[in-house]
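entry.cif (mmCIF, C-alpha atoms) appears below.
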```
data_run
#
loop_
_atom_site.label_atom_id
_atom_site.label_comp_id
_atom_site.auth_asym_id
_atom_site.auth_seq_id
_atom_site.Cartn_x
_atom_site.Cartn_y
_atom_site.Cartn_z
CA MET A 1 6.45 -6.66 22.62
CA SER A 2 9.97 -7.43 23.74
CA CYS A 3 12.05 -10.31 22.40
CA PRO A 4 11.29 -13.68 24.00
CA ILE A 5 13.95 -15.15 26.26
CA PHE A 6 14.74 -18.82 26.07
CA VAL A 7 16.95 -20.66 28.54
CA TRP A 8 17.93 -24.23 27.72
CA GLY A 9 17.54 -26.90 30.33
CA ASN A 10 21.17 -27.55 31.17
CA THR A 11 22.73 -24.14 30.72
CA GLU A 12 25.09 -23.45 33.57
CA THR A 13 25.52 -20.52 35.90
CA MET A 14 29.13 -19.84 36.80
CA PRO A 15 29.88 -19.67 40.53
CA ARG A 16 30.86 -16.15 41.60
CA GLY A 17 34.60 -15.62 41.52
CA ALA A 18 35.31 -18.80 39.56
CA THR A 19 37.66 -18.97 36.58
CA LYS A 20 36.98 -21.48 33.84
CA HIS A 21 39.38 -22.30 31.05
CA SER A 22 38.24 -23.12 27.52
CA GLN A 23 39.97 -23.88 24.29
CA VAL A 24 37.34 -21.69 22.63
CA ALA A 25 34.99 -19.14 24.19
CA ILE A 26 32.06 -17.90 22.11
CA ILE A 27 30.23 -14.75 23.15
CA GLY A 28 26.59 -14.95 22.11
CA ALA A 29 24.15 -17.86 22.11
CA GLY A 30 22.18 -16.81 19.07
CA VAL A 31 22.01 -19.01 16.01
CA ILE A 32 25.45 -17.84 14.76
CA GLY A 33 27.24 -18.52 18.04
CA LEU A 34 25.54 -21.89 18.46
CA SER A 35 26.28 -22.97 14.89
CA THR A 36 29.92 -22.01 15.45
CA ALA A 37 30.05 -24.02 18.68
CA TYR A 38 28.51 -27.03 16.97
CA HIS A 39 30.93 -26.96 14.03
CA LEU A 40 33.96 -26.49 16.28
CA ALA A 41 32.86 -29.44 18.42
CA LEU A 42 32.61 -31.57 15.28
CA HIS A 43 36.31 -30.96 14.76
CA GLY A 44 37.23 -32.00 18.27
CA PHE A 45 37.73 -28.63 19.96
CA SER A 46 37.21 -28.93 23.70
CA PRO A 47 36.30 -27.47 26.04
CA ILE A 48 34.09 -24.95 24.27
CA THR A 49 32.05 -22.46 26.30
CA VAL A 50 29.27 -20.26 24.94
CA PHE A 51 28.55 -17.22 27.12
CA GLU A 52 25.09 -15.65 26.95
CA ARG A 53 23.85 -12.89 29.24
CA GLU A 54 20.12 -13.71 29.04
CA GLY A 55 19.24 -16.97 27.34
CA ILE A 56 19.55 -18.99 24.18
CA GLY A 57 18.09 -17.08 21.24
CA SER A 58 17.26 -14.06 23.41
CA GLY A 59 18.63 -11.50 20.94
CA ALA A 60 17.90 -11.05 17.25
CA SER A 61 17.69 -14.82 16.74
CA GLY A 62 14.73 -14.96 19.11
CA ILE A 63 12.41 -13.12 16.73
CA ALA A 64 13.71 -14.55 13.46
CA PRO A 65 10.62 -15.62 11.49
CA GLY A 66 12.50 -18.61 10.07
CA GLY A 67 12.92 -17.55 6.45
CA VAL A 68 15.58 -19.16 4.25
CA ARG A 69 15.98 -17.86 0.71
CA ARG A 70 18.27 -18.07 -2.30
CA GLN A 71 17.36 -14.80 -4.05
CA TRP A 72 20.23 -12.37 -3.45
CA ALA A 73 22.03 -9.60 -5.30
CA THR A 74 25.65 -10.62 -4.57
CA ALA A 75 27.65 -13.70 -5.47
CA VAL A 76 28.74 -14.11 -1.84
CA ASN A 77 25.19 -14.45 -0.56
CA CYS A 78 24.06 -16.61 -3.47
CA ALA A 79 26.84 -19.09 -2.69
CA MET A 80 26.48 -18.89 1.09
CA SER A 81 22.74 -19.45 0.89
CA GLY A 82 23.27 -22.54 -1.23
CA GLU A 83 25.49 -24.13 1.39
CA SER A 84 23.08 -23.25 4.18
CA LEU A 85 20.05 -24.53 2.29
CA GLN A 86 21.69 -27.93 1.80
CA PHE A 87 22.30 -28.09 5.55
CA TYR A 88 18.75 -27.05 6.39
CA ARG A 89 17.24 -29.61 4.03
CA ARG A 90 19.01 -32.30 6.09
CA ILE A 91 18.70 -30.65 9.49
CA ASP A 92 16.85 -33.55 11.14
CA GLU A 93 19.52 -35.99 9.98
CA ILE A 94 22.41 -33.71 10.96
CA LEU A 95 21.32 -32.17 14.27
CA GLU A 96 18.93 -34.91 15.44
CA PRO A 97 16.44 -32.54 17.11
CA ASP A 98 13.98 -33.72 19.74
CA ALA A 99 11.11 -33.19 17.28
CA PRO A 100 11.17 -32.99 13.46
CA LEU A 101 11.83 -29.53 12.03
CA VAL A 102 9.70 -28.69 9.00
CA PHE A 103 11.20 -26.53 6.25
CA ARG A 104 8.53 -25.46 3.75
CA GLU A 105 9.77 -24.48 0.30
CA CYS A 106 6.88 -22.17 -0.48
CA GLY A 107 8.77 -19.56 -2.52
CA TYR A 108 9.53 -15.85 -2.22
CA LEU A 109 7.88 -13.42 -4.65
CA PHE A 110 9.66 -10.06 -5.10
CA LEU A 111 7.39 -7.52 -6.80
CA ALA A 112 8.42 -4.62 -9.03
CA HIS A 113 6.16 -1.65 -9.70
CA SER A 114 8.44 0.18 -12.15
CA GLU A 115 10.80 -0.66 -14.99
CA PRO A 116 13.95 0.32 -13.00
CA ALA A 117 12.91 -2.00 -10.15
CA LEU A 118 12.19 -4.81 -12.63
CA GLU A 119 15.59 -4.31 -14.25
CA GLY A 120 17.14 -4.73 -10.81
CA LEU A 121 15.30 -8.01 -10.33
CA ARG A 122 16.40 -9.17 -13.79
CA ALA A 123 20.02 -8.48 -12.90
CA ASN A 124 19.61 -10.43 -9.65
CA VAL A 125 18.06 -13.40 -11.43
CA ALA A 126 20.88 -13.39 -14.02
CA LEU A 127 23.41 -13.58 -11.19
CA GLN A 128 21.42 -16.25 -9.36
CA SER A 129 21.33 -18.42 -12.48
CA GLU A 130 25.14 -18.62 -12.33
CA PHE A 131 24.67 -20.49 -9.05
CA ARG A 132 21.95 -22.77 -10.45
CA ILE A 133 19.31 -21.02 -8.38
CA PRO A 134 15.93 -21.71 -10.04
CA SER A 135 14.64 -18.16 -9.80
CA ARG A 136 12.88 -16.54 -12.74
CA ILE A 137 11.21 -13.34 -13.86
CA ILE A 138 7.45 -13.60 -14.21
CA ALA A 139 5.00 -11.28 -15.93
CA PRO A 140 2.09 -9.66 -14.02
CA GLN A 141 -0.43 -11.98 -15.67
CA GLU A 142 1.47 -15.02 -14.33
CA ILE A 143 1.35 -13.89 -10.73
CA GLY A 144 -2.21 -15.16 -10.27
CA ALA A 145 -1.00 -18.73 -10.70
CA ILE A 146 1.29 -18.29 -7.67
CA VAL A 147 -0.82 -16.00 -5.46
CA PRO A 148 -4.39 -15.94 -6.80
CA ALA A 149 -5.48 -13.30 -4.28
CA LEU A 150 -2.79 -10.82 -5.35
CA LYS A 151 -3.89 -7.85 -7.47
CA SER A 152 -1.33 -7.12 -10.18
CA GLU A 153 -2.66 -3.90 -11.74
CA THR A 154 0.26 -1.86 -10.36
CA VAL A 155 2.85 -4.63 -10.77
CA THR A 156 5.35 -4.45 -13.63
CA GLY A 157 6.80 -7.89 -13.00
CA ALA A 158 8.33 -10.03 -10.29
CA SER A 159 11.04 -12.54 -9.49
CA TYR A 160 10.18 -15.88 -7.94
CA CYS A 161 12.18 -18.81 -6.59
CA PRO A 162 10.33 -21.94 -5.47
CA GLU A 163 13.28 -23.10 -3.32
CA ASP A 164 12.88 -20.18 -0.92
CA GLY A 165 10.92 -20.97 2.20
CA TYR A 166 10.72 -20.94 5.96
CA PHE A 167 10.71 -23.10 9.08
CA ASP A 168 7.45 -23.51 10.98
CA ASP A 169 9.46 -23.48 14.21
CA PRO A 170 12.56 -21.24 13.97
CA TRP A 171 13.11 -21.46 17.73
CA GLY A 172 13.29 -25.22 17.33
CA VAL A 173 16.17 -24.73 14.90
CA ILE A 174 18.06 -22.58 17.40
CA PHE A 175 17.49 -25.11 20.16
CA ALA A 176 18.54 -27.96 17.85
CA PHE A 177 21.92 -26.28 17.35
CA ALA A 178 22.20 -25.82 21.12
CA ARG A 179 21.27 -29.41 21.90
CA ALA A 180 23.59 -30.83 19.22
CA ALA A 181 26.47 -28.72 20.52
CA GLN A 182 25.82 -29.74 24.12
CA ARG A 183 25.74 -33.42 23.19
CA ARG A 184 29.28 -32.90 21.91
CA GLY A 185 30.45 -31.38 25.17
CA VAL A 186 29.82 -27.66 24.61
CA ARG A 187 28.98 -25.68 27.76
CA ILE A 188 26.39 -22.89 27.51
CA GLU A 189 26.62 -20.53 30.44
CA ASN A 190 24.33 -17.70 31.50
CA SER A 191 26.91 -15.03 32.21
CA THR A 192 27.48 -11.49 30.95
CA VAL A 193 30.85 -10.77 29.37
CA LEU A 194 31.86 -7.26 30.45
CA GLY A 195 35.22 -7.13 28.70
CA LEU A 196 38.24 -9.07 27.52
CA HIS A 197 41.97 -8.60 27.32
CA ARG A 198 45.00 -10.57 26.23
CA GLU A 199 47.27 -11.89 28.97
CA ARG A 200 50.25 -14.09 28.13
CA ASN A 201 48.96 -16.83 25.80
CA ALA A 202 45.23 -16.56 26.52
CA TRP A 203 42.29 -14.22 26.46
CA GLN A 204 40.89 -13.23 29.83
CA LEU A 205 37.14 -12.62 29.96
CA GLN A 206 35.77 -10.39 32.67
CA LEU A 207 32.32 -11.66 33.61
CA ALA A 208 29.60 -10.19 35.77
CA ASP A 209 29.97 -13.23 38.03
CA GLY A 210 33.61 -14.22 37.73
CA THR A 211 36.35 -14.61 35.16
CA ALA A 212 37.14 -17.00 32.35
CA ALA A 213 40.11 -17.73 30.14
CA ALA A 214 40.26 -19.08 26.60
CA GLU A 215 42.86 -19.74 23.94
CA GLN A 216 40.46 -18.54 21.22
CA VAL A 217 37.53 -16.13 21.42
CA VAL A 218 34.71 -15.76 18.89
CA ILE A 219 32.51 -12.69 19.22
CA ALA A 220 29.08 -13.50 17.82
CA ALA A 221 26.95 -11.01 19.72
CA GLY A 222 25.29 -9.17 16.84
CA SER A 223 25.32 -5.39 17.22
CA ASP A 224 26.51 -5.80 20.83
CA SER A 225 29.82 -6.98 19.38
CA VAL A 226 30.67 -3.30 18.82
CA GLN A 227 30.87 -2.47 22.53
CA LEU A 228 32.85 -5.60 23.32
CA LEU A 229 35.59 -4.62 20.88
CA LYS A 230 35.77 -0.88 21.60
CA PRO A 231 38.20 -1.36 24.52
CA GLN A 232 40.48 -3.13 22.05
CA GLY A 233 40.65 0.09 20.06
CA LEU A 234 38.48 -1.39 17.33
CA GLU A 235 35.40 0.20 15.80
CA LEU A 236 33.27 -2.46 14.18
CA PRO A 237 31.21 -0.85 11.39
CA ILE A 238 27.96 -2.35 12.67
CA ARG A 239 24.82 -0.47 13.60
CA ALA A 240 21.60 -1.77 15.10
CA GLU A 241 18.65 -1.10 12.79
CA PRO A 242 15.18 -1.71 14.25
CA ARG A 243 12.72 -4.02 12.54
CA TYR A 244 9.08 -4.62 13.43
CA LEU A 245 6.95 -7.67 12.67
CA PHE A 246 3.19 -7.79 13.04
CA TYR A 247 1.35 -11.05 13.64
CA SER A 248 -2.36 -11.57 12.99
CA ASN A 249 -5.19 -13.77 14.15
CA VAL A 250 -5.51 -17.14 12.42
CA LEU A 251 -7.37 -17.32 9.10
CA SER A 252 -8.35 -20.79 7.91
CA GLU A 253 -8.43 -19.77 4.23
CA ARG A 254 -5.06 -19.98 2.45
CA ILE A 255 -4.51 -16.78 0.47
CA CYS A 256 -0.77 -16.18 0.47
CA ASP A 257 1.59 -19.17 0.55
CA PRO A 258 4.77 -17.52 -0.79
CA LEU A 259 6.36 -14.64 1.06
CA VAL A 260 5.42 -11.53 -0.94
CA ILE A 261 7.77 -8.54 -0.85
CA SER A 262 7.39 -5.14 -2.44
CA ASP A 263 10.52 -3.11 -1.80
CA GLU A 264 9.02 -0.05 -3.49
CA ARG A 265 5.96 -0.21 -1.25
CA GLU A 266 8.10 -1.21 1.78
CA PHE A 267 5.81 -4.13 2.43
CA ALA A 268 6.15 -7.85 3.14
CA VAL A 269 3.58 -10.50 4.05
CA LYS A 270 3.54 -14.25 4.63
CA GLN A 271 0.80 -16.63 5.77
CA MET A 272 2.27 -19.18 8.15
CA SER A 273 1.32 -22.87 8.14
CA ASN A 274 -1.10 -22.35 11.05
CA GLY A 275 -3.03 -19.70 9.08
CA GLN A 276 -1.56 -16.75 10.97
CA PHE A 277 -0.18 -13.83 8.95
CA LEU A 278 3.21 -12.25 9.47
CA THR A 279 3.54 -8.83 7.88
CA SER A 280 5.78 -5.82 8.05
CA TYR A 281 5.97 -2.22 6.96
CA LEU A 282 9.63 -2.20 6.00
CA GLY A 283 9.91 1.55 6.45
CA ALA A 284 9.08 1.36 10.17
CA GLY A 285 11.67 3.13 12.25
CA ARG A 286 13.18 4.88 9.24
CA HIS A 287 12.73 7.93 7.03
CA GLY A 288 11.61 10.22 9.87
CA ARG A 289 7.96 9.38 9.23
CA GLU A 290 5.40 9.02 11.99
CA GLN A 291 6.87 6.38 14.26
CA THR A 292 4.00 4.59 15.94
CA PRO A 293 2.66 1.07 15.49
CA GLU A 294 -0.73 2.44 14.51
CA ALA A 295 0.84 4.51 11.73
CA TRP A 296 2.71 1.46 10.49
CA LYS A 297 -0.46 -0.64 10.57
CA ALA A 298 -2.20 2.07 8.54
CA ARG A 299 0.55 1.90 5.93
CA ILE A 300 0.25 -1.90 5.79
CA SER A 301 -3.49 -1.51 5.21
CA GLU A 302 -2.90 0.97 2.37
CA VAL A 303 -0.60 -1.44 0.56
CA ALA A 304 -2.87 -4.40 1.32
CA ASP A 305 -5.77 -2.53 -0.30
CA GLU A 306 -3.62 -2.11 -3.41
CA LEU A 307 -2.13 -5.60 -3.57
CA LEU A 308 -3.80 -8.09 -1.25
CA PRO A 309 -7.27 -6.93 -0.14
CA ALA A 310 -7.96 -10.18 1.71
CA LEU A 311 -5.39 -9.07 4.28
CA LEU A 312 -7.79 -6.30 5.33
CA ASP A 313 -10.03 -8.96 6.85
CA VAL A 314 -7.47 -10.03 9.46
CA SER A 315 -6.50 -8.26 12.67
CA LEU A 316 -2.87 -7.54 13.44
CA THR A 317 -2.97 -8.62 17.05
CA HIS A 318 0.59 -8.08 18.25
CA MET A 319 3.94 -6.64 17.26
CA VAL A 320 7.49 -7.91 17.85
CA LYS A 321 10.50 -5.61 17.73
CA GLY A 322 14.00 -6.74 16.87
CA TYR A 323 17.21 -5.45 15.32
CA TYR A 324 19.34 -6.12 12.27
CA ASP A 325 23.08 -5.80 12.89
CA MET A 326 23.83 -3.88 9.68
CA THR A 327 27.18 -3.30 8.00
CA PRO A 328 27.88 -0.66 5.31
CA ASP A 329 27.62 -3.29 2.56
CA SER A 330 24.91 -5.42 4.24
CA GLN A 331 27.33 -8.36 4.19
CA PRO A 332 28.62 -10.12 7.34
CA ILE A 333 31.98 -9.80 9.04
CA VAL A 334 33.34 -13.35 9.37
CA ALA A 335 37.06 -13.17 10.01
CA ALA A 336 39.99 -12.79 12.36
CA ILE A 337 40.39 -9.43 14.10
CA PRO A 338 43.54 -7.83 12.67
CA ASP A 339 46.54 -7.71 15.01
CA ARG A 340 44.66 -9.59 17.76
CA GLU A 341 45.86 -13.16 18.04
CA ASN A 342 43.12 -15.78 18.22
CA LEU A 343 40.28 -13.26 18.27
CA TRP A 344 37.49 -13.76 15.75
CA VAL A 345 34.22 -12.10 14.86
CA ALA A 346 31.03 -13.45 13.27
CA ALA A 347 28.60 -10.54 13.28
CA GLY A 348 27.00 -7.94 11.03
CA LEU A 349 24.75 -10.51 9.36
CA SER A 350 22.43 -7.68 8.33
CA GLY A 351 19.21 -9.51 9.00
CA HIS A 352 20.07 -12.85 7.44
CA GLY A 353 21.91 -14.60 10.27
CA PHE A 354 19.31 -17.34 10.59
CA MET A 355 19.49 -18.02 6.86
CA MET A 356 23.29 -18.21 6.75
CA ALA A 357 24.08 -19.73 10.16
CA PRO A 358 25.14 -23.20 8.93
CA ALA A 359 27.67 -21.75 6.48
CA VAL A 360 28.96 -19.07 8.86
CA GLY A 361 29.49 -21.54 11.70
CA ARG A 362 31.46 -23.85 9.44
CA ALA A 363 33.56 -20.97 8.10
CA ILE A 364 34.61 -19.77 11.56
CA ALA A 365 35.47 -23.34 12.53
CA ASP A 366 37.62 -23.64 9.40
CA LEU A 367 39.42 -20.37 10.16
CA ILE A 368 40.18 -21.38 13.74
CA ARG A 369 41.60 -24.73 12.70
CA GLY A 370 43.78 -23.10 10.05
CA VAL A 371 41.84 -24.20 6.98
CA ASN A 372 40.91 -21.75 4.25
CA PRO A 373 37.13 -21.37 4.23
CA ALA A 374 35.06 -21.45 1.06
CA TRP A 375 35.90 -18.67 -1.40
CA TYR A 376 32.81 -16.68 -0.52
CA PHE A 377 34.12 -16.07 3.00
CA GLN A 378 37.54 -14.87 1.96
CA GLY A 379 36.54 -11.24 1.42
CA LEU A 380 34.48 -10.76 4.60
CA GLY A 381 37.15 -9.27 6.84
CA LEU A 382 37.36 -5.79 8.33
CA GLU A 383 39.96 -4.67 5.78
CA ARG A 384 37.24 -4.22 3.16
CA PHE A 385 35.91 -1.21 5.07
CA SER A 386 39.12 0.80 4.84
CA GLY A 387 38.85 3.99 2.80
CA GLU A 388 40.88 2.61 -0.08
CA ALA A 389 38.93 -0.64 -0.22
CA GLN A 390 35.54 1.06 -0.06
CA SER A 391 36.40 3.27 -3.02
CA GLY A 392 36.91 0.31 -5.31
CA ARG A 393 35.82 -3.03 -3.90
CA LEU A 394 32.84 -2.70 -1.56
CA THR A 395 30.02 -4.82 -2.97
CA VAL A 396 26.65 -3.98 -1.45
CA GLU A 397 23.87 -6.53 -0.95
CA ARG A 398 20.74 -4.67 -2.02
CA GLN A 399 18.13 -7.39 -1.64
CA VAL A 400 17.69 -6.95 2.12
CA ILE A 401 14.15 -7.22 3.44
#
```
Target encoding structure tokens, full file:
Amino acid sequence: MSCPIFVWGNTETMPRGATKHSQVAIIGAGVIGLSTAYHLALHGFSPITVFEREGIGSGASGIAPGGVRRQWATAVNCAMSGESLQFYRRIDEILEPDAPLVFRECGYLFLAHSEPALEGLRANVALQSEFRIPSRIIAPQEIGAIVPALKSETVTGASYCPEDGYFDDPWGVIFAFARAAQRRGVRIENSTVLGLHRERNAWQLQLADGTAAAEQVVIAAGSDSVQLLKPQGLELPIRAEPRYLFYSNVLSERICDPLVISDEREFAVKQMSNGQFLTSYLGAGRHGREQTPEAWKARISEVADELLPALLDVSLTHMVKGYYDMTPDSQPIVAAIPDRENLWVAAGLSGHGFMMAPAVGRAIADLIRGVNPAWYFQGLGLERFSGEAQSGRLTVERQVI
């Protein structure tokens, strides 16, 4: 199934041949671009135009399952997730959506099936404790209190954080950012950006249906950001990595409230609030194994038989395909483009753009207005990928689902 396309009610279509001038142009109306637009508008930037070739949330944001977690393996993501969680806990108050947005703190349970994997989780929890994240290591015999239906015979231990959770309506979150930005004067236009170049004191955007000019440009187009910057002689180290989610029929019985992840078994499962299951074989599209949905379903069934037999009683009715915009260290690029005045990038979120959108949007707004962002954004520039930097300073986020 392809990604859903969403077009907001008062998005604009630019008249052919027209040129519009903006103080800030943002390329990409996913959750990162929209959060950036919202935060810039809060600081009085105007006019702001968000360009989107298909529709709001039509890229990777459109299939985000709505997860928000605090369990990470790097200090940067532990801190960034804390800022974003505080925003999301107050999202109704801050963004004033048309309907309440429900964030359910149901927990994430990361399983280990070997001592080395458990040691990795212990190291993560030790780091997380420095950020007052209430994660903890639990023994196999304790797992039944959290997920009674889970079989723990092959489990060595697990890490669990009760503050992790998800939104019932992730699309509602994306639209809430869009609506809040529009109320503050942001324009969202359905137009494809074909290229950009610097001319005098502004950036000129070549569009499929005209031209546009802006003093500042933010590229927030996920893995598509790579092609936009190639003509500038820049190679963004971002690659699109496919991900596949399977959704089931609705089961009235509650058997799996936390999100359960087994990295060693390449398996994840969550029962949504409506009783539907969301599950994934995390190895899909990788390793050169048989690459068909039926093969992936078979692998999910194998792991379910080992860990969660009740899942065998549901039917996986449809599949959604999306992409992670991955960087070499699985950390985002949130920074100015070197030697390109007033050109910024917010991409390479490596599958956790939805989770980190509030913090990333604020950081880009701070950078553009000349304010140093929080410390955890100060090492997320392109310079970290130079050969010298990689040899000594590249810190890889390993807890990517």
Distance criterion (only C-alpha atoms): nearest to Ser61 (chain A) out of A:Ala220, A:Asp366, A:Ala304, A:Glu153:
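Distance minimum relative to Ser61 (chain A) lands on A:Ala220.
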* Return as a list in words the set of residues that the PyMOL selection byres ((chain A and resi 128-137) around 9) yields on the displayed structure. =>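 Those residues are Arg70, Gln71, Trp72, Ala73, Thr74, Ala75, Cys78, Ala79, Gly82, Leu118, Leu121, Arg122, Ala123, Asn124, Val125, Ala126, Leu127, Ile138, Ala139, Gly157, Ala158, Ser159, Tyr160, Cys161, Pro162 and Glu163 of chain A.
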Across A:Arg179, A:His197, A:Arg89, A:Lys151, the smallest distance to Lys230 (chain A), with only C-alpha atoms counted, is shown by A:His197
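For the atom pair formed by CA of Pro231 (chain A) and CA of Gly381 (chain A), the distance is 19.4 Å, given to one decimal.
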Could you state the separation of CA of Lys20 (chain A) and CA of Ala213 (chain A) in Å, given to one decimal place?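 Between CA of Lys20 (chain A) and CA of Ala213 (chain A) the gap is 6.1 Å.
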